[in-house]
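Colleague: Structure file my_file.txt, compact mmCIF, N, CA and C atoms, is pasted below:
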# COMPACT_ATOMS: atom_id res chain seq x y z
N MET O 1 130.37 157.89 129.90
CA MET O 1 129.53 157.51 128.77
C MET O 1 128.47 156.47 129.15
N LEU O 2 128.85 155.51 129.98
CA LEU O 2 127.89 154.48 130.36
C LEU O 2 126.71 155.07 131.12
N GLU O 3 126.99 156.02 132.00
CA GLU O 3 125.91 156.65 132.76
C GLU O 3 125.00 157.45 131.83
N THR O 4 125.59 158.16 130.88
CA THR O 4 124.79 158.92 129.91
C THR O 4 123.91 157.99 129.10
N THR O 5 124.48 156.89 128.64
CA THR O 5 123.71 155.92 127.86
C THR O 5 122.58 155.33 128.70
N ARG O 6 122.86 155.05 129.97
CA ARG O 6 121.83 154.51 130.86
C ARG O 6 120.67 155.51 131.01
N ILE O 7 121.01 156.77 131.23
CA ILE O 7 119.98 157.81 131.39
C ILE O 7 119.17 157.96 130.10
N LEU O 8 119.86 158.00 128.96
CA LEU O 8 119.16 158.15 127.68
C LEU O 8 118.26 156.95 127.40
N ASN O 9 118.72 155.76 127.76
CA ASN O 9 117.88 154.57 127.58
C ASN O 9 116.66 154.60 128.49
N GLU O 10 116.81 155.14 129.69
CA GLU O 10 115.66 155.30 130.59
C GLU O 10 114.63 156.24 129.95
N LEU O 11 115.12 157.34 129.40
CA LEU O 11 114.22 158.29 128.73
C LEU O 11 113.60 157.67 127.48
N LEU O 12 114.38 156.87 126.78
CA LEU O 12 113.87 156.18 125.60
C LEU O 12 112.73 155.26 125.98
N MET O 13 112.88 154.56 127.10
CA MET O 13 111.80 153.68 127.56
C MET O 13 110.53 154.50 127.86
N ARG O 14 110.70 155.66 128.49
CA ARG O 14 109.53 156.50 128.79
C ARG O 14 108.88 156.98 127.49
N ALA O 15 109.70 157.35 126.49
CA ALA O 15 109.14 157.78 125.20
C ALA O 15 108.39 156.63 124.54
N HIS O 16 108.95 155.42 124.61
CA HIS O 16 108.23 154.24 124.08
C HIS O 16 106.93 154.02 124.84
N ASP O 17 106.99 154.17 126.17
CA ASP O 17 105.77 153.99 126.98
C ASP O 17 104.67 154.94 126.52
N LEU O 18 105.04 156.20 126.33
CA LEU O 18 104.05 157.20 125.92
C LEU O 18 103.55 156.92 124.50
N THR O 19 104.45 156.52 123.63
CA THR O 19 104.04 156.19 122.26
C THR O 19 102.99 155.08 122.28
N ARG O 20 103.24 154.05 123.08
CA ARG O 20 102.28 152.93 123.18
C ARG O 20 100.97 153.38 123.84
N ALA O 21 101.08 154.18 124.90
CA ALA O 21 99.86 154.62 125.58
C ALA O 21 98.98 155.45 124.65
N TYR O 22 99.58 156.36 123.89
CA TYR O 22 98.79 157.16 122.96
C TYR O 22 98.21 156.30 121.84
N GLY O 23 98.98 155.31 121.38
CA GLY O 23 98.46 154.41 120.36
C GLY O 23 97.28 153.61 120.86
N THR O 24 97.40 153.11 122.08
CA THR O 24 96.30 152.37 122.70
C THR O 24 95.08 153.28 122.84
N ALA O 25 95.31 154.50 123.31
CA ALA O 25 94.20 155.44 123.49
C ALA O 25 93.52 155.74 122.16
N ALA O 26 94.30 156.00 121.13
CA ALA O 26 93.72 156.32 119.81
C ALA O 26 92.88 155.15 119.30
N ASP O 27 93.30 153.93 119.60
CA ASP O 27 92.55 152.74 119.17
C ASP O 27 91.27 152.53 119.96
N ARG O 28 91.22 153.07 121.18
CA ARG O 28 90.12 152.75 122.09
C ARG O 28 89.05 153.83 122.24
N VAL O 29 89.39 155.08 121.95
CA VAL O 29 88.39 156.14 122.16
C VAL O 29 87.25 155.99 121.17
N ARG O 30 86.11 156.55 121.54
CA ARG O 30 84.91 156.43 120.72
C ARG O 30 84.87 157.45 119.58
N SER O 31 85.46 158.61 119.81
CA SER O 31 85.40 159.69 118.83
C SER O 31 86.53 159.57 117.80
N PRO O 32 86.19 159.46 116.50
CA PRO O 32 87.23 159.41 115.48
C PRO O 32 88.09 160.68 115.44
N SER O 33 87.49 161.82 115.71
CA SER O 33 88.23 163.08 115.74
C SER O 33 89.26 163.06 116.87
N LEU O 34 88.85 162.59 118.03
CA LEU O 34 89.76 162.49 119.16
C LEU O 34 90.88 161.50 118.86
N ALA O 35 90.53 160.39 118.25
CA ALA O 35 91.54 159.39 117.89
C ALA O 35 92.61 159.99 116.98
N ALA O 36 92.19 160.79 116.02
CA ALA O 36 93.14 161.42 115.10
C ALA O 36 94.06 162.39 115.84
N GLN O 37 93.51 163.14 116.78
CA GLN O 37 94.32 164.08 117.55
C GLN O 37 95.31 163.34 118.44
N LEU O 38 94.88 162.25 119.04
CA LEU O 38 95.79 161.46 119.89
C LEU O 38 96.89 160.82 119.06
N GLU O 39 96.56 160.44 117.85
CA GLU O 39 97.58 159.88 116.95
C GLU O 39 98.65 160.93 116.65
N GLY O 40 98.24 162.17 116.48
CA GLY O 40 99.21 163.25 116.26
C GLY O 40 100.13 163.42 117.45
N LEU O 41 99.60 163.33 118.65
CA LEU O 41 100.42 163.45 119.86
C LEU O 41 101.35 162.24 119.98
N ARG O 42 100.85 161.07 119.59
CA ARG O 42 101.69 159.86 119.61
C ARG O 42 102.91 160.03 118.71
N LEU O 43 102.71 160.63 117.56
CA LEU O 43 103.83 160.82 116.62
C LEU O 43 104.92 161.71 117.21
N GLY O 44 104.53 162.68 118.04
CA GLY O 44 105.52 163.52 118.70
C GLY O 44 106.41 162.69 119.63
N HIS O 45 105.81 161.79 120.37
CA HIS O 45 106.59 160.93 121.26
C HIS O 45 107.46 159.96 120.46
N GLN O 46 106.95 159.54 119.33
CA GLN O 46 107.74 158.65 118.48
C GLN O 46 108.98 159.39 117.96
N ARG O 47 108.85 160.68 117.63
CA ARG O 47 110.01 161.48 117.19
C ARG O 47 111.05 161.60 118.30
N ILE O 48 110.57 161.82 119.53
CA ILE O 48 111.50 161.91 120.67
C ILE O 48 112.23 160.57 120.82
N ALA O 49 111.51 159.47 120.71
CA ALA O 49 112.14 158.14 120.80
C ALA O 49 113.20 157.97 119.71
N SER O 50 112.90 158.43 118.51
CA SER O 50 113.88 158.33 117.42
C SER O 50 115.12 159.17 117.71
N ASP O 51 114.91 160.38 118.23
CA ASP O 51 116.05 161.24 118.57
C ASP O 51 116.90 160.62 119.68
N LEU O 52 116.26 160.05 120.68
CA LEU O 52 117.00 159.41 121.77
C LEU O 52 117.75 158.18 121.28
N THR O 53 117.13 157.42 120.40
CA THR O 53 117.78 156.25 119.82
C THR O 53 119.06 156.66 119.09
N ALA O 54 118.96 157.73 118.31
CA ALA O 54 120.13 158.22 117.57
C ALA O 54 121.24 158.64 118.52
N LEU O 55 120.89 159.30 119.62
CA LEU O 55 121.90 159.72 120.60
C LEU O 55 122.58 158.53 121.26
N VAL O 56 121.81 157.52 121.63
CA VAL O 56 122.40 156.33 122.25
C VAL O 56 123.37 155.67 121.27
N LEU O 57 122.98 155.57 120.01
CA LEU O 57 123.86 154.98 118.99
C LEU O 57 125.12 155.80 118.80
N GLN O 58 124.99 157.13 118.78
CA GLN O 58 126.17 158.00 118.64
C GLN O 58 127.16 157.80 119.77
N LEU O 59 126.65 157.47 120.95
CA LEU O 59 127.52 157.24 122.11
C LEU O 59 128.07 155.82 122.15
N GLY O 60 127.71 155.02 121.14
CA GLY O 60 128.19 153.64 121.08
C GLY O 60 127.38 152.67 121.92
N GLY O 61 126.22 153.11 122.37
CA GLY O 61 125.37 152.26 123.20
C GLY O 61 124.37 151.47 122.38
N GLN O 62 123.65 150.62 123.08
CA GLN O 62 122.60 149.81 122.47
C GLN O 62 121.25 150.36 122.93
N PRO O 63 120.46 150.96 122.01
CA PRO O 63 119.14 151.50 122.41
C PRO O 63 118.19 150.39 122.86
N LYS O 64 117.45 150.68 123.89
CA LYS O 64 116.43 149.73 124.36
C LYS O 64 115.18 149.90 123.52
N GLY O 65 114.74 148.84 122.93
CA GLY O 65 113.56 148.90 122.08
C GLY O 65 112.36 148.19 122.65
N HIS O 66 112.55 147.58 123.81
CA HIS O 66 111.45 146.84 124.42
C HIS O 66 110.99 147.56 125.69
N PRO O 67 109.73 147.42 126.02
CA PRO O 67 109.22 148.12 127.20
C PRO O 67 109.70 147.46 128.49
N ASP O 68 109.79 148.27 129.54
CA ASP O 68 109.99 147.69 130.86
C ASP O 68 108.61 147.48 131.46
N ALA O 69 108.52 147.25 132.73
CA ALA O 69 107.23 146.93 133.36
C ALA O 69 106.23 148.07 133.25
N ARG O 70 106.73 149.31 133.17
CA ARG O 70 105.80 150.46 133.14
C ARG O 70 105.03 150.55 131.82
N GLY O 71 105.67 150.19 130.72
CA GLY O 71 105.03 150.33 129.41
C GLY O 71 103.72 149.58 129.30
N PRO O 72 103.74 148.26 129.51
CA PRO O 72 102.47 147.52 129.44
C PRO O 72 101.47 147.98 130.49
N LEU O 73 101.97 148.40 131.66
CA LEU O 73 101.07 148.89 132.70
C LEU O 73 100.33 150.14 132.24
N LEU O 74 101.07 151.09 131.64
CA LEU O 74 100.43 152.32 131.15
C LEU O 74 99.43 152.02 130.04
N SER O 75 99.81 151.13 129.12
CA SER O 75 98.88 150.77 128.04
C SER O 75 97.65 150.06 128.60
N GLY O 76 97.86 149.19 129.58
CA GLY O 76 96.75 148.49 130.20
C GLY O 76 95.81 149.44 130.92
N LEU O 77 96.37 150.41 131.64
CA LEU O 77 95.52 151.40 132.31
C LEU O 77 94.73 152.22 131.31
N THR O 78 95.37 152.54 130.20
CA THR O 78 94.68 153.30 129.16
C THR O 78 93.54 152.48 128.57
N SER O 79 93.79 151.20 128.34
CA SER O 79 92.73 150.32 127.80
C SER O 79 91.56 150.21 128.76
N VAL O 80 91.87 150.01 130.04
CA VAL O 80 90.81 149.89 131.04
C VAL O 80 90.03 151.20 131.14
N SER O 81 90.73 152.32 131.07
CA SER O 81 90.06 153.63 131.14
C SER O 81 89.04 153.79 130.02
N ALA O 82 89.35 153.19 128.88
CA ALA O 82 88.44 153.32 127.73
C ALA O 82 87.10 152.65 127.99
N LEU O 83 87.06 151.74 128.95
CA LEU O 83 85.79 151.10 129.28
C LEU O 83 84.81 152.09 129.89
N TRP O 84 85.34 153.15 130.52
CA TRP O 84 84.47 154.15 131.14
C TRP O 84 84.10 155.24 130.16
N SER O 85 85.09 155.96 129.65
CA SER O 85 84.77 157.08 128.77
C SER O 85 86.03 157.59 128.11
N ASP O 86 85.83 158.41 127.09
CA ASP O 86 86.97 159.08 126.45
C ASP O 86 87.66 160.00 127.45
N GLU O 87 86.88 160.62 128.32
CA GLU O 87 87.48 161.50 129.32
C GLU O 87 88.40 160.72 130.25
N ALA O 88 88.02 159.50 130.61
CA ALA O 88 88.88 158.67 131.46
C ALA O 88 90.19 158.33 130.74
N VAL O 89 90.10 158.11 129.44
CA VAL O 89 91.31 157.85 128.65
C VAL O 89 92.22 159.07 128.70
N LEU O 90 91.65 160.25 128.55
CA LEU O 90 92.44 161.48 128.58
C LEU O 90 93.10 161.68 129.95
N LEU O 91 92.39 161.36 131.01
CA LEU O 91 92.98 161.44 132.35
C LEU O 91 94.14 160.45 132.49
N SER O 92 93.98 159.28 131.93
CA SER O 92 95.04 158.28 131.97
C SER O 92 96.28 158.79 131.23
N LEU O 93 96.08 159.45 130.10
CA LEU O 93 97.21 160.00 129.34
C LEU O 93 97.88 161.15 130.10
N LEU O 94 97.09 161.95 130.79
CA LEU O 94 97.68 163.01 131.61
C LEU O 94 98.59 162.42 132.69
N ARG O 95 98.15 161.34 133.31
CA ARG O 95 98.98 160.68 134.33
C ARG O 95 100.25 160.12 133.69
N ALA O 96 100.11 159.53 132.51
CA ALA O 96 101.29 158.97 131.83
C ALA O 96 102.28 160.07 131.47
N GLU O 97 101.77 161.21 131.00
CA GLU O 97 102.65 162.35 130.69
C GLU O 97 103.39 162.81 131.95
N ASP O 98 102.68 162.84 133.07
CA ASP O 98 103.28 163.28 134.32
C ASP O 98 104.39 162.33 134.76
N VAL O 99 104.12 161.05 134.73
CA VAL O 99 105.12 160.05 135.14
C VAL O 99 106.36 160.15 134.26
N ALA O 100 106.17 160.17 132.96
CA ALA O 100 107.32 160.24 132.05
C ALA O 100 108.02 161.59 132.18
N GLY O 101 107.24 162.63 132.33
CA GLY O 101 107.83 163.97 132.43
C GLY O 101 108.77 164.11 133.60
N ARG O 102 108.46 163.45 134.71
CA ARG O 102 109.36 163.50 135.87
C ARG O 102 110.72 162.91 135.54
N SER O 103 110.74 161.86 134.75
CA SER O 103 112.03 161.26 134.34
C SER O 103 112.83 162.24 133.50
N PHE O 104 112.15 162.94 132.60
CA PHE O 104 112.84 163.90 131.75
C PHE O 104 113.33 165.10 132.57
N GLU O 105 112.54 165.55 133.53
CA GLU O 105 112.97 166.65 134.40
C GLU O 105 114.20 166.26 135.20
N GLN O 106 114.21 165.05 135.75
CA GLN O 106 115.34 164.58 136.54
C GLN O 106 116.59 164.46 135.68
N ALA O 107 116.42 164.13 134.41
CA ALA O 107 117.58 163.99 133.52
C ALA O 107 118.31 165.32 133.36
N LEU O 108 117.59 166.42 133.44
CA LEU O 108 118.26 167.73 133.32
C LEU O 108 119.15 168.04 134.52
N ASP O 109 118.98 167.30 135.60
CA ASP O 109 119.83 167.48 136.79
C ASP O 109 121.10 166.64 136.71
N THR O 110 121.30 165.97 135.60
CA THR O 110 122.49 165.14 135.41
C THR O 110 123.40 165.78 134.37
N PRO O 111 124.65 165.37 134.32
CA PRO O 111 125.59 165.97 133.36
C PRO O 111 125.49 165.36 131.95
N LEU O 112 124.36 165.58 131.31
CA LEU O 112 124.17 165.10 129.93
C LEU O 112 124.89 166.02 128.95
N PRO O 113 125.37 165.46 127.84
CA PRO O 113 125.94 166.33 126.80
C PRO O 113 124.85 167.23 126.21
N GLU O 114 125.27 168.34 125.66
CA GLU O 114 124.31 169.34 125.18
C GLU O 114 123.31 168.80 124.15
N PRO O 115 123.71 167.97 123.19
CA PRO O 115 122.69 167.44 122.25
C PRO O 115 121.59 166.66 122.97
N ALA O 116 121.97 165.92 124.01
CA ALA O 116 120.97 165.16 124.77
C ALA O 116 120.08 166.12 125.57
N ARG O 117 120.67 167.15 126.15
CA ARG O 117 119.89 168.14 126.90
C ARG O 117 118.88 168.82 125.98
N ASP O 118 119.28 169.06 124.73
CA ASP O 118 118.37 169.68 123.77
C ASP O 118 117.15 168.79 123.53
N VAL O 119 117.37 167.49 123.36
CA VAL O 119 116.25 166.56 123.14
C VAL O 119 115.36 166.53 124.37
N VAL O 120 115.96 166.53 125.56
CA VAL O 120 115.17 166.52 126.80
C VAL O 120 114.34 167.79 126.90
N ARG O 121 114.92 168.92 126.56
CA ARG O 121 114.17 170.18 126.61
C ARG O 121 112.99 170.16 125.63
N VAL O 122 113.22 169.63 124.45
CA VAL O 122 112.13 169.51 123.46
C VAL O 122 111.03 168.61 124.02
N ALA O 123 111.42 167.50 124.62
CA ALA O 123 110.43 166.58 125.20
C ALA O 123 109.63 167.25 126.31
N LEU O 124 110.29 168.06 127.12
CA LEU O 124 109.57 168.75 128.20
C LEU O 124 108.64 169.83 127.67
N ARG O 125 109.04 170.52 126.62
CA ARG O 125 108.13 171.49 125.99
C ARG O 125 106.93 170.77 125.40
N MET O 126 107.18 169.63 124.76
CA MET O 126 106.10 168.85 124.18
C MET O 126 105.17 168.35 125.28
N ARG O 127 105.73 167.94 126.42
CA ARG O 127 104.90 167.50 127.54
C ARG O 127 103.95 168.60 127.97
N ARG O 128 104.46 169.81 128.14
CA ARG O 128 103.60 170.92 128.57
C ARG O 128 102.50 171.18 127.54
N GLU O 129 102.86 171.14 126.27
CA GLU O 129 101.88 171.35 125.21
C GLU O 129 100.86 170.21 125.19
N ASN O 130 101.33 168.98 125.35
CA ASN O 130 100.42 167.84 125.35
C ASN O 130 99.45 167.91 126.54
N GLU O 131 99.97 168.29 127.70
CA GLU O 131 99.09 168.41 128.87
C GLU O 131 98.03 169.48 128.64
N ARG O 132 98.45 170.61 128.07
CA ARG O 132 97.49 171.67 127.75
C ARG O 132 96.44 171.14 126.78
N ARG O 133 96.89 170.43 125.76
CA ARG O 133 95.97 169.90 124.74
C ARG O 133 95.04 168.85 125.34
N LEU O 134 95.56 167.99 126.19
CA LEU O 134 94.73 166.96 126.82
C LEU O 134 93.66 167.58 127.71
N HIS O 135 94.01 168.65 128.41
CA HIS O 135 93.00 169.35 129.23
C HIS O 135 91.91 169.94 128.34
N GLU O 136 92.30 170.53 127.23
CA GLU O 136 91.30 171.07 126.28
C GLU O 136 90.41 169.96 125.75
N LEU O 137 90.99 168.83 125.42
CA LEU O 137 90.22 167.71 124.89
C LEU O 137 89.26 167.16 125.95
N ARG O 138 89.67 167.17 127.21
CA ARG O 138 88.78 166.74 128.30
C ARG O 138 87.56 167.64 128.38
N VAL O 139 87.78 168.94 128.27
CA VAL O 139 86.66 169.89 128.31
C VAL O 139 85.72 169.63 127.13
N GLN O 140 86.29 169.44 125.95
CA GLN O 140 85.47 169.17 124.77
C GLN O 140 84.70 167.87 124.93
N SER O 141 85.36 166.86 125.48
CA SER O 141 84.71 165.56 125.68
C SER O 141 83.56 165.68 126.66
N ALA O 142 83.78 166.44 127.73
CA ALA O 142 82.72 166.63 128.73
C ALA O 142 81.53 167.35 128.13
N ARG O 143 81.80 168.37 127.32
CA ARG O 143 80.71 169.11 126.67
C ARG O 143 79.93 168.20 125.72
N SER O 144 80.67 167.37 125.01
CA SER O 144 80.03 166.46 124.07
C SER O 144 79.11 165.48 124.80
N MET O 145 79.56 164.99 125.97
CA MET O 145 78.75 164.06 126.76
C MET O 145 77.50 164.77 127.29
N GLU O 146 77.63 166.04 127.67
CA GLU O 146 76.49 166.78 128.20
C GLU O 146 75.42 167.00 127.13
N GLN O 147 75.84 167.12 125.88
CA GLN O 147 74.90 167.38 124.79
C GLN O 147 74.16 166.13 124.36
N ARG O 148 74.59 164.99 124.81
CA ARG O 148 73.93 163.74 124.41
C ARG O 148 72.71 163.45 125.22
Rewrite the structure from the file as structure tokens, please.
Modeller:
Amino acid sequence: MLETTRILNELLMRAHDLTRAYGTAADRVRSPSLAAQLEGLRLGHQRIASDLTALVLQLGGQPKGHPDARGPLLSGLTSVSALWSDEAVLLSLLRAEDVAGRSFEQALDTPLPEPARDVVRVALRMRRENERRLHELRVQSARSMEQR
């Protein structure tokens, strides 16, 4: 149980990291439309964090609600990226999805209980969808910049 709780808390931290990164991005991008879309993606990560929190509690563990060193780093990189362009912000989010996604992929190689595996699978499907969406948004952002 302790190992399962540790793994779930690690994933919870990654979900919190992504929630913060998307929130930072939504606050910093220039396009209101893009900000609204990023907020929608942020809410997906917030749902995963809620599901992971519930699982940790069910196992009798204490959910981690504070970021580790990666969280502020990801948010900081997202903020700095905003100084360049919306496209740079989107690239930063793609990197954040990749970093967090690796943790979720590795979790499937561990003996997690089935309810936890289900949440991890949902998070990985969401990651693939988010990456697809972020690539589309990058193309739109580039087109928008070319038209200016």
Colleague: Write out as a PyMOL selection string which residues come within 7 Å of stretch 98-105 of chain O when counting all atoms listed in the file, dropping same-chain ones fewer than 2 positions away.
Modeller: chain O and resi 11+14-15+93-96+107-109+120+124+127
Colleague: Work out how far atom CA of O:Arg132 is from atom CA of O:Leu90, in Å to one decimal.
Modeller: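 For atom CA of O:Leu90 relative to atom CA of O:Arg132, the distance reads 11.4 Å.
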Colleague: Rank nothing, just name the residue among O:Arg6, O:His16, O:His135, O:Arg128 nearest to O:Ser50, using all atoms listed in the file.
Modeller: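 Nearest to O:Ser50: O:His16.
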Colleague: Could you tell me how far atom N of O:Asp51 sits from atom CA of O:Val89, in Å to one decimal place?
Modeller: 25.9 Å
Colleague: Which protein, DNA or RNA residues have an atom at most 7 Å from (126.7, 160.5, 134.9), counting only C-alpha atoms? List them as a ChimeraX atom specification.
Modeller: /O:3-4,110-111
Colleague: Skipping near chain neighbours, those fewer than 6 positions away, what residues fall within 9 Å of O:Lys64 using only C-alpha atoms, listed as an NGL selection string?
Modeller: :O and (9-10 or 12-13 or 53)
